[in-house]
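Engineer: As input, take upload_26.cif (mmCIF, C-alpha atoms):
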```cif
data_target
loop_
_atom_site.label_atom_id
_atom_site.label_comp_id
_atom_site.auth_asym_id
_atom_site.auth_seq_id
_atom_site.Cartn_x
_atom_site.Cartn_y
_atom_site.Cartn_z
CA MET A 1 12.59 11.98 -5.09
CA LEU A 2 11.48 15.57 -5.65
CA PRO A 3 13.69 18.61 -4.98
CA PRO A 4 12.75 20.54 -1.79
CA ALA A 5 11.02 23.37 -3.66
CA GLU A 6 8.88 20.99 -5.74
CA GLY A 7 8.10 18.88 -2.67
CA LEU A 8 6.88 21.94 -0.75
CA LEU A 9 4.80 23.02 -3.75
CA LEU A 10 3.27 19.55 -3.94
CA PHE A 11 2.23 19.52 -0.28
CA LEU A 12 0.99 23.11 -0.60
CA GLY A 13 -1.29 21.97 -3.39
CA VAL A 14 -2.52 18.99 -1.35
CA GLY A 15 -3.22 21.24 1.65
CA PHE A 16 -5.04 23.78 -0.48
CA GLY A 17 -7.18 21.06 -2.02
CA MET A 18 -8.14 19.72 1.42
CA ALA A 19 -8.97 23.22 2.70
CA LEU A 20 -10.86 24.33 -0.43
CA PRO A 21 -14.35 23.13 0.70
CA TYR A 22 -14.00 25.02 3.98
CA LEU A 23 -12.75 28.13 2.20
CA LEU A 24 -15.68 28.07 -0.22
CA ILE A 25 -18.21 27.67 2.59
CA ALA A 26 -16.54 30.46 4.58
CA PHE A 27 -16.41 32.99 1.73
CA VAL A 28 -19.49 32.09 -0.37
CA PRO A 29 -22.71 32.80 1.56
CA ALA A 30 -24.85 30.97 -1.03
CA LEU A 31 -23.04 27.71 -0.23
CA ARG A 32 -23.59 28.20 3.50
CA ARG A 33 -27.33 28.56 2.91
CA MET A 34 -27.33 25.20 1.12
CA LEU A 35 -26.00 23.38 4.18
CA PRO A 36 -28.57 21.43 6.23
CA ARG A 37 -29.53 22.94 9.56
CA PRO A 38 -28.15 21.37 12.77
CA GLY A 39 -30.40 18.72 14.23
CA ALA A 40 -30.78 15.13 15.36
CA TRP A 41 -29.43 13.92 12.01
CA MET A 42 -25.95 15.00 13.12
CA GLU A 43 -25.91 12.38 15.88
CA SER A 44 -26.91 9.65 13.42
CA PHE A 45 -24.28 10.85 10.95
CA ARG A 46 -21.62 10.81 13.66
CA ARG A 47 -22.41 7.20 14.48
CA PHE A 48 -22.59 6.19 10.83
CA MET A 49 -19.07 7.53 10.25
CA ALA A 50 -17.79 4.82 12.59
CA PHE A 51 -18.39 2.24 9.87
CA PRO A 52 -15.67 3.58 7.51
CA MET A 53 -13.32 3.32 10.48
CA PHE A 54 -14.40 -0.28 11.04
CA ALA A 55 -13.76 -0.99 7.35
CA THR A 56 -10.26 0.49 7.69
CA ALA A 57 -9.64 -1.72 10.71
CA VAL A 58 -10.70 -4.80 8.70
CA TRP A 59 -8.31 -3.87 5.88
CA LEU A 60 -5.41 -3.27 8.27
CA SER A 61 -6.11 -6.61 9.95
CA TRP A 62 -5.85 -8.25 6.53
CA VAL A 63 -2.49 -6.54 5.96
CA VAL A 64 -1.23 -7.90 9.29
CA GLY A 65 -2.54 -11.35 8.41
CA ARG A 66 -0.60 -11.26 5.14
CA GLN A 67 2.60 -10.47 7.00
CA ALA A 68 2.27 -12.34 10.30
CA GLY A 69 -0.25 -15.07 9.47
CA ILE A 70 -3.56 -15.89 11.09
CA ASP A 71 -2.00 -15.99 14.56
CA GLY A 72 -0.63 -12.47 14.11
CA MET A 73 -4.02 -11.25 12.98
CA ALA A 74 -5.62 -12.83 16.04
CA LEU A 75 -3.10 -11.09 18.30
CA VAL A 76 -3.93 -7.74 16.70
CA LEU A 77 -7.65 -8.29 17.22
CA VAL A 78 -7.07 -9.25 20.85
CA ALA A 79 -4.93 -6.13 21.31
CA ALA A 80 -7.73 -4.01 19.82
CA LEU A 81 -10.21 -5.65 22.18
CA LEU A 82 -7.97 -4.87 25.16
CA VAL A 83 -7.53 -1.25 24.06
CA SER A 84 -11.32 -0.94 23.77
CA LEU A 85 -11.74 -2.38 27.25
CA ALA A 86 -9.14 -0.01 28.71
CA LEU A 87 -10.76 3.02 27.06
CA TRP A 88 -14.16 1.91 28.32
CA LEU A 89 -12.82 1.63 31.86
CA TYR A 90 -11.19 5.06 31.69
CA GLY A 91 -14.33 6.50 30.15
CA ARG A 92 -16.37 5.15 33.06
CA GLY A 93 -14.11 7.08 35.39
CA ALA A 94 -12.24 4.03 36.67
CA ARG A 95 -11.43 4.35 40.37
CA GLY A 96 -10.02 2.09 43.04
CA VAL A 97 -9.28 -1.40 41.76
CA LEU A 98 -10.50 -0.60 38.23
CA ARG A 99 -7.76 1.97 37.61
CA PRO A 100 -4.83 -0.51 37.91
CA VAL A 101 -6.89 -3.03 35.95
CA ALA A 102 -7.19 -0.53 33.10
CA ALA A 103 -3.44 0.13 33.24
CA VAL A 104 -2.65 -3.62 33.11
CA VAL A 105 -5.00 -4.07 30.16
CA SER A 106 -3.25 -1.20 28.32
CA VAL A 107 0.17 -2.74 28.93
CA ALA A 108 -1.05 -6.14 27.73
CA ALA A 109 -2.30 -4.55 24.50
CA ALA A 110 1.09 -2.91 23.96
CA VAL A 111 2.90 -6.22 24.55
CA LEU A 112 0.71 -7.96 21.97
CA ALA A 113 1.36 -5.19 19.45
CA VAL A 114 5.12 -5.56 19.92
CA ALA A 115 4.80 -9.33 19.49
CA VAL A 116 3.08 -8.81 16.13
CA LEU A 117 5.77 -6.36 14.99
CA ASN A 118 8.44 -8.98 15.73
CA ALA A 119 6.53 -11.83 14.09
CA PRO A 120 8.25 -13.54 11.13
CA ASP A 121 7.15 -12.56 7.64
CA VAL A 122 4.93 -15.25 6.10
CA GLN A 123 4.04 -13.47 2.86
CA ALA A 124 5.92 -15.96 0.70
CA GLU A 125 3.71 -18.77 1.95
CA ALA A 126 0.56 -16.74 1.37
CA ASP A 127 1.54 -15.98 -2.21
CA GLY A 128 2.38 -19.56 -3.11
CA ASP A 129 -0.71 -19.98 -5.33
CA ALA A 130 -0.05 -16.91 -7.50
CA LYS A 131 -0.27 -17.65 -11.24
CA LEU A 132 2.71 -15.44 -12.12
CA ALA A 133 5.79 -17.17 -10.72
CA ALA A 134 8.06 -14.57 -9.14
CA GLN A 135 11.39 -14.67 -7.36
CA ALA A 136 12.26 -12.45 -4.42
CA PHE A 137 13.98 -9.29 -5.60
CA THR A 138 17.59 -8.49 -4.81
CA ASP A 139 19.78 -6.04 -6.67
CA ALA A 140 22.41 -8.73 -7.09
CA ARG A 141 19.90 -11.11 -8.69
CA LEU A 142 18.74 -8.39 -11.08
CA SER A 143 22.32 -7.62 -12.10
CA GLN A 144 22.96 -11.33 -12.66
CA LEU A 145 19.93 -11.74 -14.93
CA LEU A 146 20.79 -8.66 -16.96
CA GLY A 147 24.38 -9.82 -17.25
CA GLU A 148 23.09 -13.04 -18.78
CA GLY A 149 20.99 -11.03 -21.24
CA LYS A 150 17.67 -12.40 -19.98
CA PRO A 151 14.44 -10.37 -20.23
CA THR A 152 13.39 -9.41 -16.72
CA PHE A 153 10.26 -7.88 -15.24
CA VAL A 154 10.54 -6.32 -11.79
CA TYR A 155 7.66 -5.03 -9.70
CA PHE A 156 7.69 -3.42 -6.28
CA THR A 157 4.62 -3.81 -4.11
CA ALA A 158 3.35 -3.57 -0.54
CA ASP A 159 0.38 -5.09 1.24
CA TRP A 160 -0.90 -1.65 2.28
CA CYS A 161 -0.77 -0.38 -1.32
CA VAL A 162 -4.30 -0.62 -2.75
CA THR A 163 -3.15 0.14 -6.32
CA CYS A 164 -0.56 -2.64 -6.07
CA LYS A 165 -3.11 -5.21 -4.98
CA VAL A 166 -5.60 -4.23 -7.70
CA ASN A 167 -2.89 -4.50 -10.37
CA GLU A 168 -1.83 -7.89 -9.07
CA LYS A 169 -5.39 -9.19 -9.02
CA LEU A 170 -6.55 -7.83 -12.38
CA ALA A 171 -3.34 -7.82 -14.43
CA LEU A 172 -0.25 -9.52 -13.03
CA ASN A 173 -1.78 -12.71 -11.65
CA THR A 174 -3.83 -13.64 -14.69
CA ALA A 175 -3.41 -16.67 -16.93
CA GLU A 176 -3.05 -14.45 -20.01
CA VAL A 177 -0.05 -12.59 -18.58
CA ALA A 178 1.50 -15.72 -17.08
CA ASN A 179 1.38 -17.49 -20.46
CA ALA A 180 2.82 -14.50 -22.31
CA PHE A 181 5.69 -14.17 -19.84
CA ALA A 182 6.39 -17.92 -19.99
CA GLN A 183 6.49 -17.94 -23.79
CA ALA A 184 8.86 -14.94 -23.82
CA HIS A 185 11.02 -16.57 -21.09
CA VAL A 186 10.70 -13.48 -18.88
CA THR A 187 12.05 -13.78 -15.34
CA VAL A 188 9.90 -12.00 -12.77
CA LEU A 189 11.30 -10.43 -9.60
CA GLU A 190 9.01 -9.19 -6.82
CA GLY A 191 10.16 -6.58 -4.31
CA ASP A 192 8.02 -6.46 -1.16
CA TRP A 193 8.22 -3.01 0.45
CA THR A 194 5.58 -3.62 3.11
CA ARG A 195 8.22 -3.38 5.84
CA GLN A 196 10.29 -0.63 4.20
CA ASN A 197 13.18 -2.76 2.96
CA PRO A 198 16.31 -0.50 2.79
CA GLU A 199 17.66 -2.21 -0.35
CA ILE A 200 14.38 -1.67 -2.16
CA ALA A 201 14.28 1.95 -1.01
CA LYS A 202 17.65 2.54 -2.70
CA VAL A 203 16.43 0.91 -5.91
CA LEU A 204 13.27 3.03 -5.92
CA ALA A 205 15.40 6.15 -5.53
CA ARG A 206 17.60 5.00 -8.42
CA TYR A 207 14.60 5.22 -10.73
CA GLY A 208 13.30 8.49 -9.31
CA ARG A 209 10.66 7.01 -7.03
CA ASN A 210 10.07 7.09 -3.29
CA GLY A 211 7.09 4.78 -3.09
CA VAL A 212 5.23 1.89 -4.69
CA PRO A 213 3.97 0.66 -7.07
CA LEU A 214 6.86 0.62 -9.52
CA TYR A 215 6.97 -1.68 -12.56
CA LEU A 216 10.16 -2.12 -14.61
CA TYR A 217 10.83 -4.17 -17.72
CA PHE A 218 14.34 -4.94 -18.92
CA PRO A 219 14.34 -6.30 -22.49
CA PRO A 220 17.12 -8.72 -23.48
CA GLY A 221 20.49 -6.99 -23.40
CA SER A 222 19.19 -3.82 -21.72
CA ASP A 223 21.11 -1.74 -19.20
CA ILE A 224 20.19 -1.70 -15.51
CA ALA A 225 20.07 2.10 -15.54
CA ARG A 226 17.53 2.40 -18.37
CA PRO A 227 14.55 0.07 -17.99
CA GLN A 228 11.12 0.54 -19.50
CA ILE A 229 9.05 2.11 -16.71
CA LEU A 230 5.41 1.05 -16.91
CA PRO A 231 2.41 3.10 -15.78
CA GLN A 232 1.18 2.66 -12.22
CA VAL A 233 -2.16 1.26 -13.39
CA LEU A 234 -1.69 -1.96 -15.37
CA THR A 235 -3.85 -4.03 -17.69
CA PRO A 236 -3.18 -7.50 -19.10
CA GLN A 237 -2.88 -5.93 -22.56
CA ILE A 238 -0.07 -3.62 -21.45
CA LEU A 239 1.90 -6.54 -20.02
CA THR A 240 1.37 -8.97 -22.90
CA GLU A 241 2.25 -6.35 -25.52
CA LEU A 242 5.32 -5.45 -23.48
CA VAL A 243 6.91 -8.88 -23.88
CA THR A 244 5.66 -9.65 -27.39
CA ALA A 245 6.43 -6.36 -29.15
CA PRO A 246 9.81 -5.98 -30.92
CA VAL A 247 12.46 -4.22 -28.85
CA ASP A 248 12.93 -0.68 -30.19
CA GLY A 249 15.02 0.85 -27.41
CA THR A 250 14.54 1.39 -23.74
CA ALA A 251 13.10 4.29 -21.84
CA GLY A 252 14.99 5.85 -19.00
CA PRO A 253 13.58 6.75 -15.58
CA ALA A 254 10.64 9.10 -15.77
#
```
Output the structure of this file as structure tokens.
Structural biologist:
Amino acid sequence: MLPPAEGLLLFLGVGFGMALPYLLIAFVPALRRMLPRPGAWMESFRRFMAFPMFATAVWLSWVVGRQAGIDGMALVLVAALLVSLALWLYGRGARGVLRPVAAVVSVAAAVLAVAVLNAPDVQAEADGDAKLAAQAFTDARLSQLLGEGKPTFVYFTADWCVTCKVNEKLALNTAEVANAFAQAHVTVLEGDWTRQNPEIAKVLARYGRNGVPLYLYFPPGSDIARPQILPQVLTPQILTELVTAPVDGTAGPA
């Protein structure tokens, strides 16, 4: 968690970076002359830009499916269909009987969305075939393992976190890493922050983080306050060397 001044400076930098292309075009005439002239291509470009939005919708549907199962995903798609229908009716200037129909369709879409939000979490079932066996994270379980002197690897993830999913696919859930962890008798704890778990939020703050991914390794006999904090982009080599290298001290929160 950054101090207020550093947080404001960070967002100032992000805002400046987003505005920089517009500032350059506004103040550098040579760049303006390089821009294509307005024409029919703009209409085609506008329609083409719908496809990135469709891709985002597909990804978000997958996230819902991971959390609420195939039925939850279907409900979301039906809700999206109803929203599209309602917008089409309003866009056609719905009058008379069509206006209440559009309102009913909008309400039905909202009801379906609420139903998905209240759906039970089915992630554990979806992850049952992962190669790296992991237990659900709790702070109490972590304290118990460290009290017993067992080496422990903890990772915090979320279904909407692209970096998390890439690391899990290319590094964590590989046979090489699973074998290395098994030989070193490393216990793995997984913290799912997809639904903003309050306990996990406190643990993230403990190690100076306010988001995922976060990867922690506690060598045998290490203290809960000073784990080895791994980089946010993992490779199988990083993980295998982590559990096979001699313990030479632990690194505190970065």
Engineer: Excluding range 132-135 of chain A and any residue of its chain fewer than 5 positions from it, enumerate the residues within 8 Å of it, using all atoms listed in the file, and give them as a short mmCIF file (atom, residue, chain, number, x, y, z; two decimals) with C-alpha atoms, in the frame of the given file.
Structural biologist:
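Result went into result-v9.cif, see below:
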```
data_model
loop_
_atom_site.label_atom_id
_atom_site.label_comp_id
_atom_site.auth_asym_id
_atom_site.auth_seq_id
_atom_site.Cartn_x
_atom_site.Cartn_y
_atom_site.Cartn_z
CA LEU A 172 -0.25 -9.52 -13.03
CA ASN A 173 -1.78 -12.71 -11.65
CA THR A 174 -3.83 -13.64 -14.69
CA ALA A 175 -3.41 -16.67 -16.93
CA VAL A 177 -0.05 -12.59 -18.58
CA ALA A 178 1.50 -15.72 -17.08
CA THR A 187 12.05 -13.78 -15.34
CA VAL A 188 9.90 -12.00 -12.77
CA LEU A 189 11.30 -10.43 -9.60
CA GLU A 190 9.01 -9.19 -6.82
#
```
Engineer: Neighbours of Pro100 in chain A within 12 Å (only C-alpha atoms; same-chain residues fewer than 6 positions away dropped), as a list in words?
Structural biologist: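 Listing them by chain and then by number gives Ala86, Leu89, Tyr90, Ala94, Ser106 and Val107 of chain A.
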Engineer: When the PyMOL selection byres ((chain A and resi 158-161) around 7) is applied to the structure above, which residues does it catch, written out as a compact mmCIF listing (two decimals) with C-alpha atoms, in the coordinates of the input?
Structural biologist:
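Below you can see expr-v4.txt, which holds the result:
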```txt
# COMPACT_ATOMS: atom_id res chain seq x y z
CA VAL A 63 -2.49 -6.54 5.96
CA THR A 157 4.62 -3.81 -4.11
CA VAL A 162 -4.30 -0.62 -2.75
CA THR A 163 -3.15 0.14 -6.32
CA CYS A 164 -0.56 -2.64 -6.07
CA LYS A 165 -3.11 -5.21 -4.98
CA ASP A 192 8.02 -6.46 -1.16
CA TRP A 193 8.22 -3.01 0.45
CA THR A 194 5.58 -3.62 3.11
```
Engineer: Using all atoms listed in the file, can you tell me which of A:Trp41, A:Tyr155, A:Phe11, A:Phe181 comes closest to Leu214 in chain A?
Structural biologist: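 The shortest atom-to-atom distance to Leu214 in chain A comes from A:Tyr155.
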Engineer: So the first atom is CA of Asn197 in chain A and the second is CA of Asn210 in chain A; what is the distance between them in Å, to one decimal place?
Structural biologist: 12.1 Å
Engineer: Rounded to one decimal in Å, what is the spacing between CA of Asp139 in chain A and CA of Lys202 in chain A?
Structural biologist: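 CA of Lys202 in chain A lies 9.7 Å from CA of Asp139 in chain A.
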Engineer: To verify the selection step, state as a PyMOL selection string which residues the PyMOL selection byres ((chain A and resi 149) around 8) yields on this input.
Structural biologist: chain A and resi 145-148+150-151+220-222
Engineer: Pick out the residues sitting within 10 Å of range 44-61 of chain A, and hand them over as a list in words; count only C-alpha atoms, and ignore anything fewer than 3 positions along from it in its own chain.
Structural biologist: Gly39, Ala40, Trp41, Val64, Gly65, Arg66, Gln67, Ile70, Gly72, Met73, Ala74, Leu75, Val76, Leu77, Ala80, Asp159 and Trp160 of chain A
Engineer: Go ahead and dump the residues you just picked, C-alpha atoms, as a PDB file, in the coordinates of the input.
Structural biologist:
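Saved result, out-v3.pdb, follows:
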```pdb
ATOM      1  CA  GLY A  39     -30.400  18.720  14.230  1.00  0.00           C
ATOM      2  CA  ALA A  40     -30.780  15.130  15.360  1.00  0.00           C
ATOM      3  CA  TRP A  41     -29.430  13.920  12.010  1.00  0.00           C
ATOM      4  CA  VAL A  64      -1.230  -7.900   9.290  1.00  0.00           C
ATOM      5  CA  GLY A  65      -2.540 -11.350   8.410  1.00  0.00           C
ATOM      6  CA  ARG A  66      -0.600 -11.260   5.140  1.00  0.00           C
ATOM      7  CA  GLN A  67       2.600 -10.470   7.000  1.00  0.00           C
ATOM      8  CA  ILE A  70      -3.560 -15.890  11.090  1.00  0.00           C
ATOM      9  CA  GLY A  72      -0.630 -12.470  14.110  1.00  0.00           C
ATOM     10  CA  MET A  73      -4.020 -11.250  12.980  1.00  0.00           C
ATOM     11  CA  ALA A  74      -5.620 -12.830  16.040  1.00  0.00           C
ATOM     12  CA  LEU A  75      -3.100 -11.090  18.300  1.00  0.00           C
ATOM     13  CA  VAL A  76      -3.930  -7.740  16.700  1.00  0.00           C
ATOM     14  CA  LEU A  77      -7.650  -8.290  17.220  1.00  0.00           C
ATOM     15  CA  ALA A  80      -7.730  -4.010  19.820  1.00  0.00           C
ATOM     16  CA  ASP A 159       0.380  -5.090   1.240  1.00  0.00           C
ATOM     17  CA  TRP A 160      -0.900  -1.650   2.280  1.00  0.00           C
TER      18      TRP A 160
END
```
Engineer: Between A:Gly7, A:Pro236, A:Pro36, A:Val14, single out the one closest to Ala171 in chain A, counting only C-alpha atoms.
Structural biologist: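 So, comparing all the options, the nearest one is A:Pro236.
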Engineer: Taking all atoms listed in the file into account, name the residue in A:Val101, A:Met42, A:Val243, A:Ala108 that is nearest to His185 in chain A.
Structural biologist: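 Result for the nearest residue to His185 in chain A: A:Val243.
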Engineer: Go through A:Leu234, A:Ala182, A:Pro213, A:Asp223 one by one, measure the shortest atom-to-atom distance of each to Lys169 in chain A using all atoms listed in the file, and give the residue with the smallest value.
Structural biologist: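 So, comparing all the options, the nearest one is A:Leu234.
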Engineer: What gap, in Å, lies between CA of Ile238 in chain A and CA of Arg206 in chain A?
Structural biologist: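 Computed distance, CA of Ile238 in chain A to CA of Arg206 in chain A, equals 23.6 Å.
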Engineer: Which one of A:Glu43, A:Leu23, A:Gly191, A:Phe156 sits closest to Gly211 in chain A if you count all atoms listed in the file?
Structural biologist: A:Phe156
Engineer: From the set A:Val233, A:Leu31, A:Leu24, A:Leu82, which residue has the shortest atom-to-atom contact distance to Leu170 in chain A, counting only C-alpha atoms?
Structural biologist: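 Between A:Val233, A:Leu31, A:Leu24, A:Leu82, the residue approaching Leu170 in chain A most closely is A:Val233.
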Engineer: List the neighbours of Leu35 in chain A out to 12 Å using only C-alpha atoms; skip same-chain residues closer than 6 positions along the sequence, and give me the result as a list in words.
Structural biologist: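 Selected residues are Ile25, Ala26, Val28 and Pro29 of chain A.
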Engineer: On this structure, which residues satisfy the PyMOL selection byres ((chain A and resi 242) around 12), written as a ChimeraX atom specification?
Structural biologist: /A:151-153,177,180-181,184,186,215-219,228-231,234-241,243-248,250
